[in-house]
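Below you'll find the structure, written out as structure tokens, and then a few comments.
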Amino acid sequence: MSELTNTLYTKPQVGSRVDYGNPIAQRLWACYLFNEGGGKEVFDVSGMNAGVLSFTGTDPEWTQYGLAIGNGKGYVRNNKTVISAFNPIANSHTVRIVHIPRTWPNIYGTLLDVWDVINGRTLSIFAGPTNGDLSFFSVGGNGTPGTFTKDFKQNVGRVSDFVWVFERGDRTSGGSNTYKHSFYTNGELIETYTGVTEGSAWPTNVGYDFAVGADISGGPGVQYDGQMLQLQCWDRGLQPWEIQDLYSNPYAL
């Protein structure tokens, strides 16, 4: 997966659907392959109705690998078109973004920004300035500035298989809940973070605003600059072996 050609050769055909016979697909609720190759929409192939992402601003550009956004181009967004009583972040959760960065900003480059006008950033992650090092993440409206010291190895011009797993702590032992965040690049655990500030707010009675590559929630975030190849979300925390298996076989599902 470290070479672009490996990803190109394994890209699924348009119309491919998730194989829920694969145990890694358990509780997958969003899956965007960025393999449409034309038009102005990106479709969720999970079958769980996460919603259609539409071109926003100056049209992004289809490439042989995925969808190029930033660098004078727009991004994709569902703009509150999906209303569901399902709250995917009520418990543990996983986000996987396979992408090729072209440049990284000084700070707060947006990978994913899910916005709720009442609760704020409900599922958001920002990276930069060096090799895609994390600068901010938010769950359920409660954000955490990055305090990371590791190299996240999301190098420009290279495929990065980035995975963010957060696991909610024991709610039965009393006291403050502890939440664990684990961050992986290309199957490798890079760093973990433990905090007590993560929320569980999700707009279940109104549409949620889901944007890939753009800071729709406001603040100092800037648009991502690169190509998006795949984005997936699970309402559970993936195990390390599952993350490594997906890296070895990026379109296993």
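Every chain in the structure tokens takes a letter, A first, then B, and so on in the order presented; its residues are numbered from 1, and the ligands are numbered from 1 following the presented order.
Non-sequential neighbours of range 77-88 of chain A (distance at most 6 Å, separation of 2 or more positions within a chain, only C-alpha atoms) are Gly51, Val52, Leu53, Ser54, Ala90, Trp202, Thr204, Val206, Gly207, Tyr208, Asp209, Phe210, Ala211 and Asp235 of chain A.
Near Ile107 in chain A, within 7 Å and counting only C-alpha atoms, sit Ala127, Gly128, Pro129 and Ser135 of chain A; same-chain residues fewer than 5 positions away were not included.
DSSP, applied to the backbone of this structure, assigns helix (DSSP H, G or I) to the following residues of range 17-246 of chain A: Pro23, Ile24, Ala25, Pro240, Trp241, Glu242, Ile243, Gln244, Asp245 and Leu246 of chain A.
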Kindly assemble as CSV a list of the range 138-215 of chain A residues that lie within 12 Å of range 66-69 of chain A, each paired with its nearest atom pair and their distance in Å to one decimal, using only C-alpha atoms, sorted first by chain and then by ascending residue number.
```
residue,atom,partner,partner_atom,distance
A:Val159,CA,A:Gly66,CA,11.4
A:Ala211,CA,A:Ile69,CA,11.8
A:Val212,CA,A:Ile69,CA,9.2
A:Gly213,CA,A:Ile69,CA,7.3
A:Ala214,CA,A:Ile69,CA,9.2
```
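Residue nearest Thr192 in chain A within the list A:Thr110, A:Ser16, A:Ser217, A:Thr149: A:Thr149 [criterion: smallest interatomic distance, only C-alpha atoms].
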